Amino acid sequence: MADPFFLSRLMLVSTVSCLALSSCSIIPDTGATDPDRFAQETAPVFYRPEGIDPEKVKRLPVQPVPQVRDLYQTQFHQTYGLPVSSPVHQAMYAQQHEDDFTLPAVPYTRIDPRFLRQEVSYQSPERPGTIVVDTRNYFLYLIEPNGKAMRYGVGLGREGYAWSGRGSVQWKQKWPRWTPPAEMVAREPDMRPISAERGGMNPGPTNPLGARALYIYNNGKDTLYRVHGTPDWQSIGKATSSGCVRMLNQDVIDLYNRVPAHSQIVVM
């Protein structure tokens, strides 16, 4: 049986607790929404080193924003982060397979862009279809209508400077055989096995005439002047020891396909 005294104390405590709770009220903290208090509590804390007056610290000078071409410039005047190769030139100078021969791809990124095949504005009194060889600037132009021309870079040997004037492409040869003249064989006796009297050098990618040759005549006479391909891509835009007008093999193929026989050529 429960103790009556314990029960009476328990009821008294419960009654006092209920009265206390009923007399209490929950008051919200409205100060949390006060703007001044918010600004004070969220204000940034700055590091102020002892003995340093922030007002006397010199500010760094304002540097001008550099232009894009001045960023990370390399010896090839390219800019990191930008494409360094053209997909158009990549297709132009890709490896080619033809007639059991393989022409290697030309490392065109190592050639001055001026000497890569491109259509340019070019005012000339010559008729469209005429070839103009600019020996001073190492360019070959194929004249097009409306003041345009297809321009190719060329290399020039001694024979390339030996003749100038107007002639015609008497005939064109695909994968020509090279027959060095007697004068060249006399200067370089090691070439005797491929001299003209022994049949010359077989055609192919390593042949000095390359993949194509255009033979220039004047008044029905062979000028011994040739526009031809070359495997030596480093000679483009330069003067070389021998040869006439050298073109990249992929370029001379393009020219060969554009120029009909008996086209006019002007060398200046």
# chains A, B, ... in the order shown; residues from 1 in each chain; ligands from 1

$ select_by_dssp --residues "region 35-223 of chain A" --states "helix (DSSP H, G or I)" --output "PyMOL selection string"
chain A and resi 35-42+54-56+68-70+87-92+108-110+113-115+158-162+182-187+189-194+196-198

$ write_last_selection --atoms "C-alpha atoms" --output "mmCIF file, in the first residue's frame"
data_model
loop_
_atom_site.group_PDB
_atom_site.id
_atom_site.type_symbol
_atom_site.label_atom_id
_atom_site.label_comp_id
_atom_site.auth_asym_id
_atom_site.auth_seq_id
_atom_site.Cartn_x
_atom_site.Cartn_y
_atom_site.Cartn_z
ATOM 1 C CA PRO A 35 20.909 45.475 -38.938
ATOM 2 C CA ASP A 36 23.530 47.108 -36.734
ATOM 3 C CA ARG A 37 24.075 43.948 -34.763
ATOM 4 C CA PHE A 38 24.236 41.915 -37.970
ATOM 5 C CA ALA A 39 26.866 44.240 -39.440
ATOM 6 C CA GLN A 40 28.928 44.074 -36.246
ATOM 7 C CA GLU A 41 28.826 40.280 -36.064
ATOM 8 C CA THR A 42 29.655 39.760 -39.752
ATOM 9 C CA PRO A 54 48.429 50.386 -43.467
ATOM 10 C CA GLU A 55 48.013 53.954 -44.684
ATOM 11 C CA LYS A 56 51.749 54.213 -45.412
ATOM 12 C CA VAL A 68 46.774 38.257 -76.339
ATOM 13 C CA ARG A 69 49.779 38.065 -78.671
ATOM 14 C CA ASP A 70 52.093 39.195 -75.849
ATOM 15 C CA PRO A 87 43.344 21.883 -90.455
ATOM 16 C CA VAL A 88 43.311 23.247 -94.016
ATOM 17 C CA HIS A 89 47.096 23.081 -94.325
ATOM 18 C CA GLN A 90 47.092 19.750 -92.538
ATOM 19 C CA ALA A 91 44.875 18.362 -95.293
ATOM 20 C CA MET A 92 46.879 20.084 -98.063
ATOM 21 C CA TYR A 108 54.326 22.643 -92.805
ATOM 22 C CA THR A 109 54.458 24.144 -89.296
ATOM 23 C CA ARG A 110 58.228 24.450 -89.767
ATOM 24 C CA PRO A 113 53.452 30.551 -93.487
ATOM 25 C CA ARG A 114 54.044 33.003 -96.350
ATOM 26 C CA PHE A 115 55.287 30.132 -98.494
ATOM 27 C CA ARG A 158 71.296 28.488 -109.950
ATOM 28 C CA GLU A 159 69.286 27.389 -112.974
ATOM 29 C CA GLY A 160 66.248 29.152 -111.504
ATOM 30 C CA TYR A 161 67.994 32.498 -111.967
ATOM 31 C CA ALA A 162 69.603 31.623 -115.310
ATOM 32 C CA ALA A 182 76.435 17.059 -118.880
ATOM 33 C CA GLU A 183 77.563 20.338 -117.273
ATOM 34 C CA MET A 184 76.252 19.201 -113.907
ATOM 35 C CA VAL A 185 77.838 15.762 -114.266
ATOM 36 C CA ALA A 186 81.139 17.448 -115.106
ATOM 37 C CA ARG A 187 80.915 19.493 -111.909
ATOM 38 C CA PRO A 189 81.406 13.270 -111.185
ATOM 39 C CA ASP A 190 79.539 11.183 -108.578
ATOM 40 C CA MET A 191 76.399 11.754 -110.644
ATOM 41 C CA ARG A 192 77.781 9.927 -113.665
ATOM 42 C CA PRO A 193 75.781 6.695 -112.977
ATOM 43 C CA ILE A 194 72.520 8.674 -113.420
ATOM 44 C CA ALA A 196 71.454 11.347 -119.343
ATOM 45 C CA GLU A 197 73.546 8.950 -121.418
ATOM 46 C CA ARG A 198 72.890 6.234 -118.829
#

$ residues_around --residues "Met268 (chain A)" --least-positions-apart "2" --cutoff "12 Å" --atoms "only C-alpha atoms" --output "ChimeraX atom specification"
/A:131-141,160-167,265-266

$ residues_around --residues "Ser124 (chain A)" --least-positions-apart "4" --cutoff "9 Å" --atoms "only C-alpha atoms" --output "ChimeraX atom specification"
/A:143,147-148

$ closest_residue --among "A:Asp232, A:Asp34, A:Asp53, A:Asp222" --to "Thr206 (chain A)" --atoms "only C-alpha atoms"
A:Asp232

$ closest_residue --among "A:Leu248, A:Ala43, A:Ala239, A:Leu60" --to "Gly157 (chain A)" --atoms "only C-alpha atoms"
A:Ala239

$ closest_residue --among "A:Val259, A:Ala94, A:Val57, A:Leu156" --to "Arg246 (chain A)" --atoms "only C-alpha atoms"
A:Leu156

$ residues_around --residues "Ser195 (chain A)" --least-positions-apart "5" --cutoff "9 Å" --atoms "only C-alpha atoms" --output "compact mmCIF listing (two decimals) with C-alpha atoms, in the first residue's frame"
# COMPACT_ATOMS: atom_id res chain seq x y z
CA TRP A 178 65.68 13.10 -113.92
CA THR A 179 68.52 13.35 -116.45
CA PRO A 180 71.15 15.75 -115.11
CA PRO A 181 72.84 17.73 -117.90
CA ALA A 182 76.44 17.06 -118.88
CA VAL A 185 77.84 15.76 -114.27
CA GLY A 200 68.93 9.22 -115.76
CA MET A 201 67.41 8.65 -112.35

$ closest_residue --among "A:Leu103, A:Val267, A:Ile253, A:Val169" --to "Gly220 (chain A)" --atoms "only C-alpha atoms"
A:Val169

$ atom_distance --atom1 "CA of Gly129 (chain A)" --atom2 "CA of Pro203 (chain A)"
27.4 Å

$ atom_distance --atom1 "CA of Asp251 (chain A)" --atom2 "CA of Trp233 (chain A)"
10.9 Å
